[in-house]
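**Student:** Provided herewith is a single structure, encoded as structure tokens, for subsequent inquiry.
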Amino acid sequence: MKRVIDARGLQCPMPVIQAKQAMEEVSNIEIYVDNVIAVQNLTKLAQQKQYTIHSEQKDEHTYVVELSKDKIEIQDVNEAKHHLTNKVVVISSNGMGQGDEALGNMLMKGFIYALTQLEQLPSSVLFYNSGVLLTTHDSEMIKDLQVLVDQGVEVLSCGLCLQHYQLQDQLLVGEVTNMYTILEKQMQAEGVIRP
């Protein structure tokens, strides 16, 4: 069975995530993207998942990427999709990287969404400084963070930081924590990831 996906106009990492989701169900995927970076990212995914890949540029704005695998092992629907690891994600800003603020916000949104799609999830996501803006009322990321909570991931926001930004009554996902716990979680983790 073949799955056709039109991912043109979608920002990174959406084309890869849609292809990855399709790989759980079918062995042949045809995905349309509109930039060469998406083709490169899909090529890396295919290599990682041991899929054969063929890509072709159809016109100035359309690339067709075909992914195929001789045999696919469909995941048991009763099997848990995600597994918790002893890793911690630390988010200390409401944007990702330095430079353009709007780009930083888009990158952070993509990062948190991509986090929900991983097979191995962190045990905790820790928010402090302006990172707490992502767990409160104006954040576009509440839904994705709630997905993590529903999978058993601890989402913890620094209480002092919430108070500093006058958001102590506006936390919408996860729980309030303190700097001792934030440090303890990082010290006990096998790895710390900082976007």
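In the structure tokens, each chain is lettered A, B, ... as it comes, each chain's residues begin at 1, and ligands are numbered from 1 in order of appearance.
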Could you name the residues that touch region 89-99 of chain A at 8 Å or less, counting only C-alpha atoms, but leaving out those on the same chain fewer than 5 positions away, as a ChimeraX atom specification?
**Tutor:** /A:104-108,122,124-134,192-195
**Student:** With only C-alpha atoms as the basis for distance, which of A:Glu140, A:Val39, A:Gln50, A:Ser55 is at the shortest distance from Gly110 (chain A)?
**Tutor:**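 Going through A:Glu140, A:Val39, A:Gln50, A:Ser55 one by one, the smallest distance to Gly110 (chain A) is for A:Glu140.
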**Student:** Identify all residues of chain A in strand (DSSP E) (DSSP on the backbone) and supply them as a PyMOL selection string.
**Tutor:** chain A and resi 2-6+28-33+52-59+62-68+83-84+87-91+120-121+124-127+154-158+175-177+191-193
**Student:** Can those selected residues be exported to a file as a compact mmCIF listing (two decimals), in the first residue's frame so that it contains N, CA and C atoms?
**Tutor:**
# COMPACT_ATOMS: atom_id res chain seq x y z
N LYS A 2 0.47 2.27 -0.73
CA LYS A 2 1.26 3.49 -0.87
C LYS A 2 0.52 4.66 -0.24
N ARG A 3 1.27 5.49 0.49
CA ARG A 3 0.72 6.69 1.10
C ARG A 3 1.28 7.90 0.37
N VAL A 4 0.39 8.81 -0.07
CA VAL A 4 0.82 10.04 -0.71
C VAL A 4 0.60 11.19 0.26
N ILE A 5 1.64 11.98 0.47
CA ILE A 5 1.59 13.09 1.42
C ILE A 5 1.99 14.37 0.70
N ASP A 6 1.17 15.39 0.81
CA ASP A 6 1.52 16.70 0.27
C ASP A 6 1.98 17.58 1.43
N ASN A 28 5.47 2.07 1.49
CA ASN A 28 5.74 2.93 0.33
C ASN A 28 5.10 4.30 0.54
N ILE A 29 5.93 5.34 0.45
CA ILE A 29 5.46 6.70 0.70
C ILE A 29 5.92 7.60 -0.43
N GLU A 30 5.02 8.42 -0.91
CA GLU A 30 5.37 9.46 -1.89
C GLU A 30 5.02 10.79 -1.24
N ILE A 31 6.05 11.62 -1.05
CA ILE A 31 5.83 12.87 -0.34
C ILE A 31 6.28 14.05 -1.20
N TYR A 32 5.42 15.05 -1.28
CA TYR A 32 5.70 16.26 -2.05
C TYR A 32 6.15 17.36 -1.09
N VAL A 33 7.32 17.96 -1.40
CA VAL A 33 7.84 19.06 -0.60
C VAL A 33 8.24 20.20 -1.54
N THR A 52 14.64 2.73 1.02
CA THR A 52 15.18 3.17 -0.26
C THR A 52 14.54 4.51 -0.58
N ILE A 53 15.35 5.44 -1.12
CA ILE A 53 14.82 6.76 -1.41
C ILE A 53 15.15 7.16 -2.84
N HIS A 54 14.18 7.79 -3.48
CA HIS A 54 14.38 8.38 -4.81
C HIS A 54 13.71 9.75 -4.79
N SER A 55 14.46 10.78 -5.20
CA SER A 55 13.86 12.12 -5.23
C SER A 55 14.04 12.75 -6.60
N GLU A 56 13.09 13.59 -6.94
CA GLU A 56 13.09 14.23 -8.26
C GLU A 56 12.46 15.61 -8.14
N GLN A 57 13.06 16.59 -8.81
CA GLN A 57 12.48 17.94 -8.83
C GLN A 57 11.53 18.03 -10.01
N LYS A 58 10.25 18.27 -9.72
CA LYS A 58 9.23 18.34 -10.77
C LYS A 58 9.17 19.72 -11.40
N ASP A 59 9.24 20.75 -10.58
CA ASP A 59 9.26 22.13 -11.08
C ASP A 59 9.97 22.99 -10.04
N THR A 62 8.39 22.22 -6.52
CA THR A 62 7.91 20.89 -6.14
C THR A 62 8.98 19.83 -6.32
N TYR A 63 9.24 19.11 -5.22
CA TYR A 63 10.10 17.94 -5.25
C TYR A 63 9.25 16.75 -4.84
N VAL A 64 9.46 15.63 -5.53
CA VAL A 64 8.76 14.39 -5.17
C VAL A 64 9.79 13.44 -4.59
N VAL A 65 9.51 12.96 -3.39
CA VAL A 65 10.41 12.03 -2.70
C VAL A 65 9.66 10.72 -2.50
N GLU A 66 10.25 9.63 -2.99
CA GLU A 66 9.64 8.31 -2.83
C GLU A 66 10.47 7.50 -1.85
N LEU A 67 9.81 6.99 -0.83
CA LEU A 67 10.44 6.16 0.19
C LEU A 67 9.83 4.77 0.12
N SER A 68 10.66 3.74 0.13
CA SER A 68 10.10 2.39 0.08
C SER A 68 10.95 1.42 0.88
N HIS A 83 8.42 5.96 24.89
CA HIS A 83 9.10 5.39 26.05
C HIS A 83 9.89 6.51 26.73
N LEU A 84 9.79 6.58 28.06
CA LEU A 84 10.52 7.61 28.79
C LEU A 84 11.97 7.21 28.98
N LYS A 87 16.53 11.31 30.48
CA LYS A 87 17.09 12.54 29.94
C LYS A 87 16.15 13.68 30.28
N VAL A 88 16.73 14.88 30.37
CA VAL A 88 15.96 16.07 30.74
C VAL A 88 16.16 17.14 29.67
N VAL A 89 15.07 17.80 29.30
CA VAL A 89 15.14 18.95 28.39
C VAL A 89 15.01 20.21 29.23
N VAL A 90 15.92 21.15 29.03
CA VAL A 90 15.93 22.41 29.78
C VAL A 90 15.65 23.55 28.82
N ILE A 91 14.58 24.29 29.08
CA ILE A 91 14.20 25.42 28.22
C ILE A 91 14.23 26.69 29.05
N GLN A 120 11.40 7.99 21.99
CA GLN A 120 11.96 8.04 23.34
C GLN A 120 11.86 9.47 23.86
N LEU A 121 11.08 9.64 24.90
CA LEU A 121 10.82 10.97 25.45
C LEU A 121 11.68 11.22 26.68
N SER A 124 11.69 14.59 31.97
CA SER A 124 11.25 15.91 32.42
C SER A 124 11.59 16.98 31.39
N VAL A 125 10.74 18.01 31.33
CA VAL A 125 11.05 19.23 30.60
C VAL A 125 10.97 20.36 31.62
N LEU A 126 12.09 21.06 31.80
CA LEU A 126 12.20 22.09 32.82
C LEU A 126 12.19 23.47 32.17
N PHE A 127 11.35 24.36 32.68
CA PHE A 127 11.23 25.72 32.15
C PHE A 127 11.65 26.72 33.20
N GLU A 154 7.26 14.81 32.96
CA GLU A 154 7.08 15.91 33.92
C GLU A 154 7.35 17.23 33.20
N VAL A 155 6.42 18.17 33.29
CA VAL A 155 6.62 19.52 32.77
C VAL A 155 6.62 20.43 33.99
N LEU A 156 7.80 21.03 34.26
CA LEU A 156 7.98 21.80 35.49
C LEU A 156 8.42 23.22 35.17
N SER A 157 7.74 24.20 35.77
CA SER A 157 8.07 25.61 35.57
C SER A 157 8.54 26.24 36.87
N CYS A 158 9.60 27.02 36.79
CA CYS A 158 10.17 27.70 37.95
C CYS A 158 9.17 28.69 38.55
N GLU A 175 3.50 21.60 36.32
CA GLU A 175 3.47 22.00 37.72
C GLU A 175 4.54 23.05 38.01
N VAL A 176 4.36 23.75 39.12
CA VAL A 176 5.34 24.73 39.58
C VAL A 176 6.45 24.00 40.32
N THR A 177 7.68 24.46 40.13
CA THR A 177 8.81 23.85 40.83
C THR A 177 9.75 24.94 41.34
N GLY A 191 21.42 12.62 30.62
CA GLY A 191 21.76 13.62 29.64
C GLY A 191 20.83 14.82 29.75
N VAL A 192 21.34 16.01 29.43
CA VAL A 192 20.56 17.24 29.47
C VAL A 192 20.56 17.84 28.07
N ILE A 193 19.39 18.13 27.55
CA ILE A 193 19.24 18.70 26.21
C ILE A 193 18.77 20.13 26.33
**Student:** If we count only C-alpha atoms and set the cut-off at 7 Å, which residues sit around Val173 (chain A), ignoring sequence neighbours fewer than 6 positions away in its own chain? Please answer as number ranges by chain.
**Tutor:** A: 135, 142, 145-146
**Student:** Could you name the residues that touch Val153 (chain A) at 6 Å or less, counting only C-alpha atoms, but leaving out those on the same chain fewer than 3 positions away, as number ranges by chain?
**Tutor:** A: 123-124, 148-149
